[in-house]
Structures are given as structure tokens and as C-alpha cells.
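model-v2.cif (mmCIF, C-alpha atoms) appears below.
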data_run
#
loop_
_atom_site.group_PDB
_atom_site.id
_atom_site.type_symbol
_atom_site.label_atom_id
_atom_site.label_comp_id
_atom_site.auth_asym_id
_atom_site.auth_seq_id
_atom_site.Cartn_x
_atom_site.Cartn_y
_atom_site.Cartn_z
ATOM 1 C CA MET A 1 117.656 52.926 -29.560
ATOM 2 C CA SER A 2 120.610 50.577 -29.169
ATOM 3 C CA HIS A 3 121.186 47.334 -31.052
ATOM 4 C CA ARG A 4 123.555 44.711 -29.733
ATOM 5 C CA THR A 5 124.607 41.291 -30.909
ATOM 6 C CA GLN A 6 121.546 39.099 -31.494
ATOM 7 C CA TRP A 7 121.099 35.756 -29.757
ATOM 8 C CA THR A 8 120.480 33.195 -32.459
ATOM 9 C CA LEU A 9 118.027 30.390 -31.981
ATOM 10 C CA THR A 10 120.958 27.970 -32.079
ATOM 11 C CA THR A 11 122.455 29.662 -29.016
ATOM 12 C CA CYS A 12 119.119 29.549 -27.219
ATOM 13 C CA LEU A 13 118.450 25.907 -27.949
ATOM 14 C CA THR A 14 122.014 25.002 -27.024
ATOM 15 C CA LEU A 15 121.478 26.596 -23.623
ATOM 16 C CA LEU A 16 118.255 24.661 -23.180
ATOM 17 C CA LEU A 17 119.968 21.391 -24.040
ATOM 18 C CA VAL A 18 122.945 22.070 -21.789
ATOM 19 C CA PHE A 19 120.671 22.676 -18.819
ATOM 20 C CA ARG A 20 118.116 19.957 -19.658
ATOM 21 C CA PRO A 21 118.984 17.770 -16.588
ATOM 22 C CA ASN A 22 117.983 20.651 -14.329
ATOM 23 C CA PRO A 23 115.683 23.004 -16.265
ATOM 24 C CA ALA A 24 116.244 25.952 -13.957
ATOM 25 C CA PRO A 25 113.601 28.649 -14.461
ATOM 26 C CA ALA A 26 116.391 31.245 -14.386
ATOM 27 C CA ILE A 27 117.627 30.082 -17.802
ATOM 28 C CA GLU A 28 114.276 30.435 -19.530
ATOM 29 C CA ASP A 29 113.680 33.709 -17.694
ATOM 30 C CA ALA A 30 116.934 35.137 -19.052
ATOM 31 C CA ILE A 31 116.217 38.480 -20.738
ATOM 32 C CA ILE A 32 117.341 38.459 -24.364
ATOM 33 C CA ALA A 33 115.821 41.776 -25.475
ATOM 34 C CA VAL A 34 113.957 44.860 -24.334
ATOM 35 C CA VAL A 35 111.323 46.449 -26.577
ATOM 36 C CA ASN A 36 110.020 49.746 -25.219
ATOM 37 C CA ASP A 37 108.841 48.775 -21.721
ATOM 38 C CA GLU A 38 108.501 45.041 -22.468
ATOM 39 C CA LEU A 39 111.074 42.413 -21.568
ATOM 40 C CA ILE A 40 111.581 39.480 -23.953
ATOM 41 C CA THR A 41 112.903 36.318 -22.350
ATOM 42 C CA LEU A 42 114.457 33.173 -23.700
ATOM 43 C CA LYS A 43 111.163 31.413 -22.977
ATOM 44 C CA ASP A 44 109.307 33.998 -25.087
ATOM 45 C CA LEU A 45 111.619 33.231 -27.995
ATOM 46 C CA LYS A 46 111.278 29.482 -27.502
ATOM 47 C CA ASP A 47 107.470 29.765 -27.385
ATOM 48 C CA TYR A 48 107.450 32.019 -30.457
ATOM 49 C CA VAL A 49 109.546 29.610 -32.516
ATOM 50 C CA GLN A 50 107.494 26.643 -31.321
ATOM 51 C CA SER A 51 104.167 28.332 -32.094
ATOM 52 C CA THR A 52 105.427 29.289 -35.555
ATOM 53 C CA TYR A 53 106.433 25.698 -36.226
ATOM 54 C CA VAL A 54 103.123 24.322 -34.938
ATOM 55 C CA SER A 55 101.197 26.814 -37.062
ATOM 56 C CA LEU A 56 103.080 25.792 -40.210
ATOM 57 C CA VAL A 57 102.499 22.111 -39.482
ATOM 58 C CA ALA A 58 98.798 22.742 -38.855
ATOM 59 C CA GLU A 59 98.546 24.661 -42.133
ATOM 60 C CA GLY A 60 99.924 21.614 -43.932
ATOM 61 C CA MET A 61 103.007 23.347 -45.325
ATOM 62 C CA PRO A 62 105.397 20.850 -47.000
ATOM 63 C CA ASP A 63 108.288 19.705 -44.808
ATOM 64 C CA ALA A 64 110.924 21.225 -47.102
ATOM 65 C CA GLN A 65 109.334 24.674 -46.827
ATOM 66 C CA ILE A 66 108.961 24.337 -43.059
ATOM 67 C CA GLN A 67 112.658 23.516 -42.823
ATOM 68 C CA GLU A 68 113.491 26.673 -44.786
ATOM 69 C CA VAL A 69 111.342 28.811 -42.482
ATOM 70 C CA MET A 70 112.859 27.256 -39.375
ATOM 71 C CA LYS A 71 116.358 27.672 -40.778
ATOM 72 C CA ASP A 72 115.618 31.376 -41.158
ATOM 73 C CA MET A 73 114.217 31.392 -37.609
ATOM 74 C CA GLU A 74 117.499 29.959 -36.375
ATOM 75 C CA ILE A 75 119.256 33.087 -37.617
ATOM 76 C CA ASN A 76 116.572 35.759 -37.337
ATOM 77 C CA GLY A 77 114.173 34.440 -34.692
ATOM 78 C CA THR A 78 114.822 37.222 -32.179
ATOM 79 C CA ILE A 79 114.440 39.974 -34.770
ATOM 80 C CA LYS A 80 111.230 38.433 -36.138
ATOM 81 C CA LEU A 81 109.791 38.173 -32.627
ATOM 82 C CA ILE A 82 110.614 41.832 -31.967
ATOM 83 C CA GLU A 83 109.054 42.906 -35.262
ATOM 84 C CA ASP A 84 105.890 40.912 -34.601
ATOM 85 C CA LYS A 85 105.585 42.487 -31.155
ATOM 86 C CA LEU A 86 105.953 45.970 -32.645
ATOM 87 C CA ILE A 87 103.336 45.214 -35.308
ATOM 88 C CA LEU A 88 100.926 43.807 -32.713
ATOM 89 C CA SER A 89 101.536 46.870 -30.557
ATOM 90 C CA GLN A 90 100.650 49.076 -33.526
ATOM 91 C CA ALA A 91 97.463 47.066 -34.039
ATOM 92 C CA ASN A 92 96.533 47.614 -30.400
ATOM 93 C CA THR A 93 97.280 51.337 -30.701
ATOM 94 C CA LEU A 94 94.888 51.513 -33.657
ATOM 95 C CA GLY A 95 92.289 49.574 -31.680
ATOM 96 C CA LEU A 96 92.126 46.729 -34.186
ATOM 97 C CA GLN A 97 90.278 43.680 -32.890
ATOM 98 C CA VAL A 98 89.939 40.138 -34.192
ATOM 99 C CA ARG A 99 86.464 38.659 -34.000
ATOM 100 C CA GLU A 100 86.549 35.215 -32.425
ATOM 101 C CA ALA A 101 84.279 34.029 -35.228
ATOM 102 C CA LEU A 102 87.207 34.519 -37.628
ATOM 103 C CA VAL A 103 89.475 32.465 -35.387
ATOM 104 C CA ASP A 104 86.784 29.779 -35.196
ATOM 105 C CA GLU A 105 86.424 29.815 -38.980
ATOM 106 C CA ARG A 106 90.158 29.312 -39.470
ATOM 107 C CA LEU A 107 90.193 26.497 -36.925
ATOM 108 C CA GLU A 108 87.279 24.793 -38.661
ATOM 109 C CA THR A 109 89.209 24.931 -41.936
ATOM 110 C CA LEU A 110 92.176 23.255 -40.265
ATOM 111 C CA LYS A 111 89.967 20.609 -38.649
ATOM 112 C CA THR A 112 88.504 19.821 -42.065
ATOM 113 C CA LYS A 113 91.994 19.587 -43.541
ATOM 114 C CA TYR A 114 93.002 17.092 -40.839
ATOM 115 C CA GLY A 115 89.761 15.134 -41.063
ATOM 116 C CA SER A 116 88.582 15.806 -37.517
ATOM 117 C CA GLU A 117 89.243 17.958 -34.471
ATOM 118 C CA GLN A 118 90.836 15.025 -32.664
ATOM 119 C CA LYS A 119 93.361 14.452 -35.457
ATOM 120 C CA LEU A 120 94.303 18.130 -35.344
ATOM 121 C CA VAL A 121 94.643 17.987 -31.554
ATOM 122 C CA ASP A 122 96.781 14.842 -31.832
ATOM 123 C CA ALA A 123 99.076 16.596 -34.321
ATOM 124 C CA LEU A 124 99.389 19.578 -31.985
ATOM 125 C CA ILE A 125 100.153 17.393 -28.958
ATOM 126 C CA LYS A 126 102.784 15.547 -30.979
ATOM 127 C CA ASN A 127 104.502 18.902 -31.491
ATOM 128 C CA GLY A 128 104.149 20.047 -27.897
ATOM 129 C CA ALA A 129 101.210 22.408 -28.364
ATOM 130 C CA THR A 130 97.504 22.681 -27.596
ATOM 131 C CA LEU A 131 94.417 23.946 -29.374
ATOM 132 C CA THR A 132 94.593 27.063 -27.192
ATOM 133 C CA ASP A 133 98.157 27.705 -28.369
ATOM 134 C CA LEU A 134 96.983 27.432 -31.961
ATOM 135 C CA ARG A 135 94.029 29.761 -31.333
ATOM 136 C CA ASN A 136 96.376 32.372 -29.876
ATOM 137 C CA LYS A 137 98.734 32.076 -32.841
ATOM 138 C CA ILE A 138 95.862 32.398 -35.324
ATOM 139 C CA ARG A 139 94.546 35.441 -33.457
ATOM 140 C CA ASP A 140 97.956 37.127 -33.597
ATOM 141 C CA GLN A 141 98.380 36.245 -37.275
ATOM 142 C CA LEU A 142 95.003 37.761 -38.136
ATOM 143 C CA LYS A 143 95.728 40.890 -36.128
ATOM 144 C CA ILE A 144 99.082 41.282 -37.899
ATOM 145 C CA LYS A 145 97.367 40.802 -41.259
ATOM 146 C CA PHE A 146 94.729 43.428 -40.453
ATOM 147 C CA VAL A 147 97.230 46.073 -39.377
ATOM 148 C CA VAL A 148 99.575 45.377 -42.317
ATOM 149 C CA ASP A 149 96.624 45.648 -44.706
ATOM 150 C CA HIS A 150 95.556 48.912 -43.054
ATOM 151 C CA GLU A 151 98.990 50.513 -42.811
ATOM 152 C CA VAL A 152 100.696 49.174 -45.937
ATOM 153 C CA LYS A 153 98.739 47.057 -48.396
ATOM 154 C CA ASP A 154 95.698 49.303 -48.741
ATOM 155 C CA LYS A 155 97.944 52.264 -49.553
ATOM 156 C CA ILE A 156 99.655 50.652 -52.548
ATOM 157 C CA PHE A 157 98.520 51.662 -56.021
ATOM 158 C CA VAL A 158 99.640 50.328 -59.397
ATOM 159 C CA ASN A 159 98.555 52.411 -62.359
ATOM 160 C CA PRO A 160 98.002 51.012 -65.875
ATOM 161 C CA GLN A 161 100.991 52.932 -67.238
ATOM 162 C CA GLU A 162 103.310 51.043 -64.892
ATOM 163 C CA VAL A 163 101.921 47.752 -66.193
ATOM 164 C CA THR A 164 102.429 48.811 -69.813
ATOM 165 C CA GLU A 165 105.979 50.021 -69.162
ATOM 166 C CA TYR A 166 106.886 46.785 -67.395
ATOM 167 C CA TYR A 167 105.562 44.803 -70.348
ATOM 168 C CA GLU A 168 107.474 46.875 -72.909
ATOM 169 C CA ASN A 169 110.714 46.629 -70.914
ATOM 170 C CA ASN A 170 110.455 42.896 -70.198
ATOM 171 C CA LYS A 171 108.868 41.360 -73.279
ATOM 172 C CA GLN A 172 111.231 38.397 -73.310
ATOM 173 C CA GLN A 173 109.715 37.267 -70.008
ATOM 174 C CA PHE A 174 106.510 36.653 -71.924
ATOM 175 C CA ALA A 175 107.974 34.775 -74.883
ATOM 176 C CA ARG A 176 106.239 31.505 -75.686
ATOM 177 C CA GLN A 177 107.983 28.689 -77.490
ATOM 178 C CA GLU A 178 106.393 26.884 -80.383
ATOM 179 C CA ARG A 179 103.967 24.294 -79.033
ATOM 180 C CA ILE A 180 102.330 21.343 -80.726
ATOM 181 C CA ASN A 181 99.499 19.051 -79.698
ATOM 182 C CA LEU A 182 100.008 15.378 -80.460
ATOM 183 C CA GLU A 183 97.748 12.374 -80.484
ATOM 184 C CA SER A 184 99.837 9.258 -80.126
ATOM 185 C CA ILE A 185 99.629 5.498 -80.232
ATOM 186 C CA PHE A 186 102.232 3.577 -78.260
ATOM 187 C CA VAL A 187 102.796 -0.158 -78.537
ATOM 188 C CA GLY A 188 105.306 -1.516 -76.024
ATOM 189 C CA TYR A 189 107.772 -4.256 -76.823
ATOM 190 C CA LYS A 190 107.294 -5.973 -73.465
ATOM 191 C CA GLU A 191 108.867 -9.401 -73.925
ATOM 192 C CA ASP A 192 107.910 -9.969 -77.564
ATOM 193 C CA LYS A 193 109.042 -7.472 -80.203
ATOM 194 C CA ASP A 194 107.542 -9.501 -83.019
ATOM 195 C CA ALA A 195 104.104 -9.403 -81.398
ATOM 196 C CA ALA A 196 104.408 -5.637 -80.947
ATOM 197 C CA LYS A 197 105.393 -5.157 -84.591
ATOM 198 C CA GLY A 198 102.505 -7.360 -85.671
ATOM 199 C CA LYS A 199 100.140 -5.136 -83.689
ATOM 200 C CA VAL A 200 101.641 -2.034 -85.309
ATOM 201 C CA ASP A 201 101.155 -3.558 -88.777
ATOM 202 C CA GLU A 202 97.502 -4.082 -87.899
ATOM 203 C CA ILE A 203 97.210 -0.418 -86.855
ATOM 204 C CA LEU A 204 98.884 0.788 -90.056
ATOM 205 C CA LYS A 205 96.500 -1.309 -92.110
ATOM 206 C CA LYS A 206 93.501 0.283 -90.410
ATOM 207 C CA ILE A 207 94.978 3.761 -90.917
ATOM 208 C CA GLY A 208 95.308 2.932 -94.609
ATOM 209 C CA GLU A 209 91.666 1.883 -94.652
ATOM 210 C CA GLY A 210 90.650 5.293 -93.332
ATOM 211 C CA VAL A 211 89.848 4.353 -89.728
ATOM 212 C CA GLU A 212 89.848 7.444 -87.466
ATOM 213 C CA PHE A 213 93.191 7.864 -85.695
ATOM 214 C CA SER A 214 91.434 8.863 -82.456
ATOM 215 C CA SER A 215 89.535 5.589 -82.350
ATOM 216 C CA LEU A 216 92.768 3.660 -82.925
ATOM 217 C CA VAL A 217 94.342 5.523 -79.998
ATOM 218 C CA LYS A 218 91.548 4.285 -77.742
ATOM 219 C CA GLU A 219 91.703 0.749 -79.115
ATOM 220 C CA TYR A 220 95.438 0.121 -79.299
ATOM 221 C CA SER A 221 97.552 2.634 -77.391
ATOM 222 C CA GLU A 222 99.198 1.383 -74.216
ATOM 223 C CA ALA A 223 99.898 4.902 -72.937
ATOM 224 C CA PRO A 224 98.040 8.243 -72.862
ATOM 225 C CA SER A 225 98.505 10.596 -75.811
ATOM 226 C CA VAL A 226 101.513 12.888 -75.532
ATOM 227 C CA GLY A 227 99.378 16.046 -75.720
ATOM 228 C CA VAL A 228 100.841 19.570 -75.781
ATOM 229 C CA VAL A 229 104.648 19.802 -75.817
ATOM 230 C CA GLU A 230 107.368 22.380 -76.429
ATOM 231 C CA HIS A 231 110.889 22.000 -77.778
ATOM 232 C CA GLY A 232 113.123 20.197 -75.323
ATOM 233 C CA GLN A 233 110.452 17.979 -73.796
ATOM 234 C CA LEU A 234 110.837 15.012 -76.147
ATOM 235 C CA LEU A 235 113.803 12.982 -77.334
ATOM 236 C CA PRO A 236 115.720 14.867 -80.067
ATOM 237 C CA GLU A 237 115.075 12.142 -82.637
ATOM 238 C CA VAL A 238 111.342 12.308 -81.860
ATOM 239 C CA GLU A 239 111.226 16.119 -81.956
ATOM 240 C CA LYS A 240 112.884 16.136 -85.364
ATOM 241 C CA ILE A 241 109.919 14.206 -86.713
ATOM 242 C CA VAL A 242 106.909 15.598 -84.858
ATOM 243 C CA PHE A 243 107.831 19.297 -85.115
ATOM 244 C CA ASN A 244 107.977 18.927 -88.892
ATOM 245 C CA LEU A 245 104.542 17.364 -89.297
ATOM 246 C CA SER A 246 101.783 19.257 -91.082
ATOM 247 C CA LEU A 247 98.461 19.722 -89.312
ATOM 248 C CA HIS A 248 96.605 16.361 -89.108
ATOM 249 C CA GLU A 249 99.560 14.541 -90.680
ATOM 250 C CA ILE A 250 100.420 11.103 -89.285
ATOM 251 C CA SER A 251 104.076 10.403 -88.568
ATOM 252 C CA PRO A 252 106.116 7.434 -89.728
ATOM 253 C CA LEU A 253 106.854 4.831 -87.078
ATOM 254 C CA VAL A 254 109.103 6.128 -84.306
ATOM 255 C CA GLU A 255 110.985 3.339 -82.558
ATOM 256 C CA THR A 256 112.358 3.749 -79.033
ATOM 257 C CA ASP A 257 113.991 1.324 -76.613
ATOM 258 C CA ASN A 258 110.618 0.535 -75.054
ATOM 259 C CA GLY A 259 108.339 0.348 -78.046
ATOM 260 C CA ILE A 260 106.910 2.034 -81.126
ATOM 261 C CA PHE A 261 105.083 5.361 -81.405
ATOM 262 C CA ILE A 262 102.817 6.701 -84.119
ATOM 263 C CA PHE A 263 101.980 10.409 -83.845
ATOM 264 C CA ARG A 264 99.337 12.658 -85.370
ATOM 265 C CA LEU A 265 99.590 16.449 -85.196
ATOM 266 C CA ILE A 266 96.234 17.885 -84.117
ATOM 267 C CA GLY A 267 97.253 21.449 -83.245
ATOM 268 C CA ASN A 268 100.143 23.888 -83.156
ATOM 269 C CA SER A 269 100.950 27.344 -81.807
ATOM 270 C CA PRO A 270 103.913 29.261 -83.240
ATOM 271 C CA ALA A 271 106.528 30.920 -81.052
ATOM 272 C CA GLU A 272 105.285 34.348 -80.005
ATOM 273 C CA ILE A 273 105.317 37.088 -77.400
ATOM 274 C CA ALA A 274 102.209 36.912 -75.233
ATOM 275 C CA SER A 275 99.941 39.932 -75.605
ATOM 276 C CA LEU A 276 99.763 42.594 -72.912
ATOM 277 C CA GLU A 277 96.093 41.776 -72.405
ATOM 278 C CA SER A 278 96.878 38.140 -71.619
ATOM 279 C CA VAL A 279 99.594 38.902 -69.047
ATOM 280 C CA LYS A 280 98.510 42.221 -67.525
ATOM 281 C CA ASP A 281 97.133 40.605 -64.357
ATOM 282 C CA ARG A 282 100.398 38.749 -63.795
ATOM 283 C CA ILE A 283 102.379 41.966 -64.329
ATOM 284 C CA TYR A 284 100.099 43.870 -61.946
ATOM 285 C CA GLU A 285 100.691 41.228 -59.276
ATOM 286 C CA THR A 286 104.464 41.356 -59.818
ATOM 287 C CA ILE A 287 104.593 45.148 -59.476
ATOM 288 C CA PHE A 288 102.203 45.147 -56.519
ATOM 289 C CA ASN A 289 104.194 42.504 -54.641
ATOM 290 C CA GLU A 290 107.457 44.354 -55.194
ATOM 291 C CA LYS A 291 105.937 47.622 -53.956
ATOM 292 C CA PHE A 292 104.437 45.828 -50.982
ATOM 293 C CA ARG A 293 107.753 44.206 -50.072
ATOM 294 C CA LYS A 294 109.571 47.562 -50.113
ATOM 295 C CA GLN A 295 106.859 49.534 -48.339
ATOM 296 C CA PHE A 296 106.356 46.863 -45.697
ATOM 297 C CA ARG A 297 110.090 46.878 -44.981
ATOM 298 C CA ARG A 298 110.139 50.683 -44.717
ATOM 299 C CA TRP A 299 107.122 50.627 -42.408
ATOM 300 C CA VAL A 300 108.616 48.001 -40.084
ATOM 301 C CA ASP A 301 111.968 49.779 -40.067
ATOM 302 C CA GLN A 302 110.180 52.966 -39.005
ATOM 303 C CA LEU A 303 108.404 51.107 -36.193
ATOM 304 C CA LYS A 304 111.799 49.890 -35.011
ATOM 305 C CA LYS A 305 113.320 53.347 -35.345
ATOM 306 C CA ASP A 306 110.545 54.853 -33.223
ATOM 307 C CA ALA A 307 110.884 52.172 -30.545
ATOM 308 C CA TYR A 308 113.465 51.519 -27.864
ATOM 309 C CA ILE A 309 115.086 48.184 -28.696
ATOM 310 C CA GLU A 310 117.962 46.584 -26.869
ATOM 311 C CA ILE A 311 119.136 43.097 -27.784
ATOM 312 C CA LYS A 312 121.181 41.518 -25.012
ATOM 313 C CA GLN A 313 124.365 39.561 -25.561
#

Could you rewrite the structure in this file as C-alpha cells?
Amino acid sequence: MSHRTQWTLTTCLTLLLVFRPNPAPAIEDAIIAVVNDELITLKDLKDYVQSTYVSLVAEGMPDAQIQEVMKDMEINGTIKLIEDKLILSQANTLGLQVREALVDERLETLKTKYGSEQKLVDALIKNGATLTDLRNKIRDQLKIKFVVDHEVKDKIFVNPQEVTEYYENNKQQFARQERINLESIFVGYKEDKDAAKGKVDEILKKIGEGVEFSSLVKEYSEAPSVGVVEHGQLLPEVEKIVFNLSLHEISPLVETDNGIFIFRLIGNSPAEIASLESVKDRIYETIFNEKFRKQFRRWVDQLKKDAYIEIKQ
């Protein structure tokens, strides 16, 4: 197997732009790689990148994430296309098939996400693709998933001892800061500080008369209660007061630039290390994903090692 300098997507797109006035078929038919007995052309790469983009748009991935994926494609598009072809070839060798009902099901999910089939079609057309293109991409994605599950994912095992050892060696990852739960009444200054202070005096009077703080929150507060907070989430001068309250204690008035707060502590949780029982599923997932990443890479590298691959300059 020989590996030569990879054509980046930037190079490919630059060629397409340079020759746009006369889109000669010879340019798109230019061979950029050979994988076993299959030729990969510039058009194959262009179609692969386009179908990946369309698929991400159809899935509703945020623009920022799509940009990251496409940026990676710009550098590694040819390699990713080769790897996908090798994985699909392995799926075909194993005789794995994708039921059209699964493709239909995925399409129906996307149609629902877009509101209708026509809106999905319009989005595809806007990005230079068709429903058939999307079906083909979904079919390939499912086939790749099936073969990766069969050849890699289903062979990964995480035993309980590994989970325990990870927990013991990484306890600080599971440290929880002290947290408190606050009910709060906020009265804004708006354009009349005196009116706001008069309202606060009325609230304090009712507190002194034994009126439930919760009912005063509903009646007077101009903002939702603060709720559960940790150190660092409130202004330092506010934290100094509220983190020193006793359970059910009501704070003195806390003045800010925008208005006046009154707090009541209704719950607290001391700083602690989360128990193994409470985080074992998260640890399992972390270990599993790391094993999967390594084993998937080894598997793909072996597919490439066993194949004839030539990347043209």
C-alpha cells in the first residue's frame, strides 16, 4: 500500500472555482485516489462532502458544529471518504443489509422535525441536494453503524472493577461544591427608589407579623426566586450573606444597583464527593467511549493496512 500527499478539500474546491466558466468533465473526473480496485474522483469527493453537509443540515445540527465538521472535512475529507468506503466494503463483505423501512423511519423523523416533507425538500434543494441523495446518505450511515456495532462496539466490555478503579483514581472529578437553595423577593428601583423602599417596608412588616415568606414571594417579588446556587454564581457581597444563613433564616435587606433582595434559605447541601453509586453510569460511559475510540481506530487502521490505497498528488 502506498500513501502519497493528500488533496485537501481546499485544493479541490479551488480547482472547481478556477474552472467554473467551463466546467470541463475532465476536472471532476480527475482521479484523486485508488482504493483496492475502485477509483475515487474529484467528483466523488465533492459529492461526499456535499452529502455530509446536507445530512448535518437535515439533522438540525447547530451551525457552529457544522462549521467545525466542515473545517475538518477541508483537511481530512479524502481520508474520511476512503475510510467510509472501506467500512462500507466490509459491511458488504459481511452481507449486512439496511431495511428500507429503517431509512423511511429516519426520513419520517426528519420530516417531522422540519414540519412537513415539502419543507425538508425545500431545505435540501437550497443546499443542492434531493430527497434521493438524503436517502442514500442515510442508508450508508446506517450500514456503517451496523458494521461498526458488529465489528467494534459489540466486542467492548467494561467490568465493574474498572469502574471502581476509575472512581478511586479520579475522585476530584466528582467533587460537589456546597449548594444552597434560596427563596427570594426582589423589588426593583425602576424610576422611584422611595416607592421601592416603601414596598420593602410593607414586606418587612408582614414578615414580622408571621406571614409565610413563600406567599410574600408570590405577592411581591418582581423576579423568580434564585433557587439552587453554588459559590461563584452570585455577587461576592450577596454570597457573604446568603451562605452564612441558617436553614429557614431570612436575610437582612441586600441592596444592589437595580433593587433590593430579601432571601430565605430553604435548603443546603455541603461540599462532598459524589458516591460511586451515583456516578457509576457516567464512569461506565466514559470508559466505554474511550475503549470504543481506541478500538475503532485500530480496526479502521487495519482495514487500511489490508487494502491497497494510493492517494494521488

Report task. Find the residues near range 233-247 of chain A: any atom within 12 Å, counting only C-alpha atoms, skip ones fewer than 5 places away on the same chain, and give them as a list of chain:residue names. Result ->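 The filter keeps A:Gln177, A:Glu178, A:Arg179, A:Ile180, A:Asn181, A:Leu182, A:Glu183, A:Ser184, A:Val226, A:Gly227, A:Val228, A:Pro252, A:Leu253, A:Val254, A:Glu255, A:Thr256, A:Asp257, A:Ile260, A:Phe261, A:Ile262, A:Phe263, A:Arg264, A:Leu265, A:Ile266, A:Gly267, A:Asn268, A:Ser269, A:Pro270.
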
**Report entry** Between CA of Ala33 in chain A and CA of Lys312 in chain A - distance in Å to one decimal
**Finding:**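 According to the coordinates, CA of Lys312 in chain A and CA of Ala33 in chain A are separated by 5.4 Å.
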
Query raised in the report: So which one's closest to Val34 in chain A, A:Val49, A:Leu81, A:Val148, A:Ala129? Using all atoms listed in the file, please.
Result: A:Leu81

Size and centre in Å, one decimal, axis-aligned box, all listed range 129-148 of chain A atoms plus 4 Å per side, as lines of an AutoDock Vina configuration file:
center_x = 97.6
center_y = 34.2
center_z = -34.8
size_x = 15.2
size_y = 31.7
size_z = 23.1

Query - Nearest to Thr164 in chain A by atom-to-atom distance, counting only C-alpha atoms, from A:Val217, A:Val211, A:Ile287, A:Ala101 - result: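 Ranked by minimum distance to Thr164 in chain A, first place goes to A:Ile287.
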
Query raised in the report: Expanded to explicit residues, what is the PyMOL selection byres ((chain A and resi 43) around 9) for this file, as number ranges by chain?
Result: A: 27-31, 40-42, 44-48

**Report entry** Nearest-residue call for Phe213 in chain A, choices A:Glu162, A:Glu249, A:Glu117, A:Glu230, using all atoms listed in the file
**Finding:**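 Under the stated criterion, the closest residue is A:Glu249.
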
Requested in this report: Could you expand the PyMOL selection byres ((chain A and resi 130-135) around 10) into the explicit residues it covers here, written as a count of residues only?
Outcome: 29

Query - Top pick for closest residue to Lys304 in chain A, considering A:Ile250, A:Leu142, A:Val35, A:Leu102 and counting all atoms listed in the file - result: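 For Lys304 in chain A, the nearest of the given residues is A:Val35.
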
Requested in this report: Tell me, in Å to one decimal, how far CA of Lys280 in chain A is from CA of Asp154 in chain A.
Outcome: 20.3 Å

Query raised in the report: Which is closest to Asn289 in chain A among A:Ala271, A:Ile156, A:Leu216, A:Ile203, if we use only C-alpha atoms?
Result: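 Among the listed residues, the smallest separation from Asn289 in chain A belongs to A:Ile156.
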
Query raised in the report: Can you tell me how far CA of Ser225 in chain A sits from CA of Val187 in chain A, in Å to one decimal?
Result: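 Straight-line distance from CA of Ser225 in chain A to CA of Val187 in chain A works out to 11.9 Å.
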